[in-house]
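Following: one structure in structure tokens, then a few remarks.
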Amino acid sequence: MVTADEIPTRAALAPNRRERRKQETRQALEQAALRLFAEQGYEQTTVEDIAEAADVAVRTFFRYFSSKQHVLFGDVVTDRLSRLRTELAARPADEDPIESIRAVSDLVDFFDGDEEEQILARLDLMRRLPTMTSRYLDLIHQLRLVVVEFVAERTGLDPRDDLYPLVVAGATAAAWDASITLWAATHGTRQLRDIRREAFAALLSGLPARTSWAEVDFRTIQGHR
């Protein structure tokens with residue numbers, strides 16, 4: 001028997017309804033934008049066109065997205081950047097940064113079915129409309145900066161004076177970029193996580209851990225090439 005205390009109040013249900021409406025509006029805007037970008041081109045599509053196609057006011061569009069480029073990737077990827085920073089900060093302080101990045105990448109590069117379809121659709125659109133690649137490159141750059149910040153904090157090395165945080169972050173960003181490119185080329189038939197693990201391992205196989213970085217004489221190595 002349900003007691004009075006167990007019956008949800010109108011006030012408790014209202015936020016859920018509001019959140020559902022917000023999500024529906026966001027999805028309508030994203031779907032309208034992607035359809036219009038594909039049909040008439042990115043440059044030819046205006047914010048007004050997107051709002052009209054989604055049956056909302058222009059001011060509503062700007063409540064959810066700051067620009068056309070923002071709507072291209074939605075929040076799926078930007079949310080991953082936020083989670084990457086949070087998960088890295090939660091790793092054990094005595095863990096080698098490379099191991100931390102490897103572990104956290106397994107968490108962050110997981111997409112559910114709906115998200116996979118969204119990302120693949122956006123990557124395919126970006127492939128057909130090269131003018132839209134700037135947003136993607138900016139996201140990869142942001143990922144690199146998150147890793148630079150993390151490695152610098154964990155090692156005490158200043159990236160303005162030491163290469164190690166920059167090299168680790170560059171390898172991480174390159175692994176992500178290569179993995180996403182190949183994943184999109186296979187239309188998602190291969191698991192992104194498997195591809196990313198392979199790329200990360202290949203790039204870092206010759207990168208020493210922080211404890212031995214200072215012991216490597218890179219000038220000597222360069223001289224023997």
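Scheme for the structure tokens: letters A, B, ... for chains in order shown; per-chain residue numbers from 1; ligand numbers from 1 in order shown.
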
Can you build me a table of range 120-205 of chain A residues sitting at most 12 Å from range 83-95 of chain A, with the closest atom pair per residue and its distance in Å to one decimal, using only C-alpha atoms, sorted by chain and residue number, as a Markdown table?
```
| residue | atom | partner | partner_atom | distance |
| --- | --- | --- | --- | --- |
| A:Gln142 | CA | A:Arg85 | CA | 10.7 |
| A:Leu143 | CA | A:Leu84 | CA | 8.2 |
| A:Arg144 | CA | A:Leu84 | CA | 10.8 |
| A:Leu145 | CA | A:Arg85 | CA | 10.0 |
| A:Val146 | CA | A:Arg85 | CA | 6.3 |
| A:Val147 | CA | A:Arg85 | CA | 8.0 |
| A:Val148 | CA | A:Arg85 | CA | 10.7 |
| A:Glu149 | CA | A:Arg85 | CA | 9.1 |
| A:Phe150 | CA | A:Leu88 | CA | 7.0 |
| A:Val151 | CA | A:Leu88 | CA | 9.5 |
| A:Glu153 | CA | A:Ala89 | CA | 9.6 |
| A:Arg154 | CA | A:Ala93 | CA | 7.1 |
| A:Thr155 | CA | A:Ala93 | CA | 9.8 |
| A:Gly156 | CA | A:Ala93 | CA | 11.9 |
```

Here is a test: counting only C-alpha atoms, which residue of A:Asp194, A:Glu99, A:Asp49, A:Glu30 is nearest to Gln69 in chain A?
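The answer is A:Glu30, which sits nearest to Gln69 in chain A.
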
From the options A:Asp96, A:Asp124, A:Glu48, A:Asp55, which residue's atoms come nearest to Glu24 in chain A, counting only C-alpha atoms?
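Result for the nearest residue to Glu24 in chain A: A:Asp55.
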
12 Å contact set for range 44-46 of chain A, only C-alpha atoms, chain neighbours under 4 positions out, as a JSON list (two decimals) with N, CA and C atoms, in the first residue's frame:
```
[["chain", "number", "residue", "atom", "x", "y", "z"],
["A", 32, "ALA", "N", 17.73, 19.53, -36.02],
["A", 32, "ALA", "CA", 17.43, 20.50, -37.08],
["A", 32, "ALA", "C", 18.71, 21.05, -37.69],
["A", 33, "ALA", "N", 19.69, 21.36, -36.83],
["A", 33, "ALA", "CA", 20.95, 21.91, -37.32],
["A", 33, "ALA", "C", 21.68, 20.91, -38.20],
["A", 34, "LEU", "N", 21.80, 19.67, -37.75],
["A", 34, "LEU", "CA", 22.50, 18.66, -38.53],
["A", 34, "LEU", "C", 21.81, 18.41, -39.88],
["A", 35, "ARG", "N", 20.48, 18.40, -39.87],
["A", 35, "ARG", "CA", 19.75, 18.19, -41.12],
["A", 35, "ARG", "C", 19.98, 19.34, -42.09],
["A", 36, "LEU", "N", 19.92, 20.56, -41.59],
["A", 36, "LEU", "CA", 20.11, 21.73, -42.45],
["A", 36, "LEU", "C", 21.56, 21.84, -42.93],
["A", 37, "PHE", "N", 22.51, 21.53, -42.06],
["A", 37, "PHE", "CA", 23.92, 21.56, -42.49],
["A", 37, "PHE", "C", 24.14, 20.61, -43.65],
["A", 38, "ALA", "N", 23.53, 19.42, -43.56],
["A", 38, "ALA", "CA", 23.70, 18.41, -44.60],
["A", 38, "ALA", "C", 22.96, 18.79, -45.88],
["A", 39, "GLU", "N", 21.78, 19.41, -45.75],
["A", 39, "GLU", "CA", 20.95, 19.72, -46.91],
["A", 39, "GLU", "C", 21.41, 20.96, -47.67],
["A", 40, "GLN", "N", 21.75, 22.02, -46.92],
["A", 40, "GLN", "CA", 22.03, 23.28, -47.60],
["A", 40, "GLN", "C", 23.42, 23.85, -47.32],
["A", 50, "ILE", "N", 17.90, 27.42, -38.16],
["A", 50, "ILE", "CA", 17.86, 26.30, -37.21],
["A", 50, "ILE", "C", 16.70, 26.47, -36.24],
["A", 51, "ALA", "N", 16.55, 27.67, -35.71],
["A", 51, "ALA", "CA", 15.47, 27.93, -34.75],
["A", 51, "ALA", "C", 14.10, 27.70, -35.40],
["A", 52, "GLU", "N", 13.96, 28.18, -36.62],
["A", 52, "GLU", "CA", 12.67, 28.00, -37.32],
["A", 52, "GLU", "C", 12.38, 26.53, -37.56],
["A", 53, "ALA", "N", 13.41, 25.78, -37.97],
["A", 53, "ALA", "CA", 13.21, 24.35, -38.24],
["A", 53, "ALA", "C", 12.86, 23.58, -36.98],
["A", 58, "VAL", "N", 14.69, 32.39, -31.78],
["A", 58, "VAL", "CA", 16.14, 32.50, -31.87],
["A", 58, "VAL", "C", 16.76, 32.63, -30.48],
["A", 61, "PHE", "N", 17.40, 29.35, -28.99],
["A", 61, "PHE", "CA", 18.62, 28.71, -29.49],
["A", 61, "PHE", "C", 19.81, 29.10, -28.63],
["A", 67, "SER", "N", 26.77, 29.16, -30.49],
["A", 67, "SER", "CA", 27.04, 29.39, -31.90],
["A", 67, "SER", "C", 26.66, 28.16, -32.72],
["A", 68, "LYS", "N", 26.78, 28.29, -34.04],
["A", 68, "LYS", "CA", 26.56, 27.13, -34.91],
["A", 68, "LYS", "C", 27.61, 26.05, -34.67],
["A", 69, "GLN", "N", 28.85, 26.47, -34.43],
["A", 69, "GLN", "CA", 29.90, 25.49, -34.17],
["A", 69, "GLN", "C", 29.62, 24.70, -32.90],
["A", 71, "VAL", "N", 26.69, 23.93, -31.67],
["A", 71, "VAL", "CA", 25.62, 22.96, -31.89],
["A", 71, "VAL", "C", 26.13, 21.76, -32.68],
["A", 129, "LEU", "N", 32.15, 18.59, -44.89],
["A", 129, "LEU", "CA", 32.22, 20.05, -44.84],
["A", 129, "LEU", "C", 33.49, 20.46, -44.09],
["A", 131, "THR", "N", 35.13, 23.04, -43.69],
["A", 131, "THR", "CA", 35.16, 24.31, -42.98],
["A", 131, "THR", "C", 34.75, 24.16, -41.51]]
```

Assign secondary structure with DSSP using the backbone only, and return the residues of range 80-177 of chain A in alpha helix (DSSP H) as a PyMOL selection string.
chain A and resi 80-89+97-108+113-128+133-155+164-177
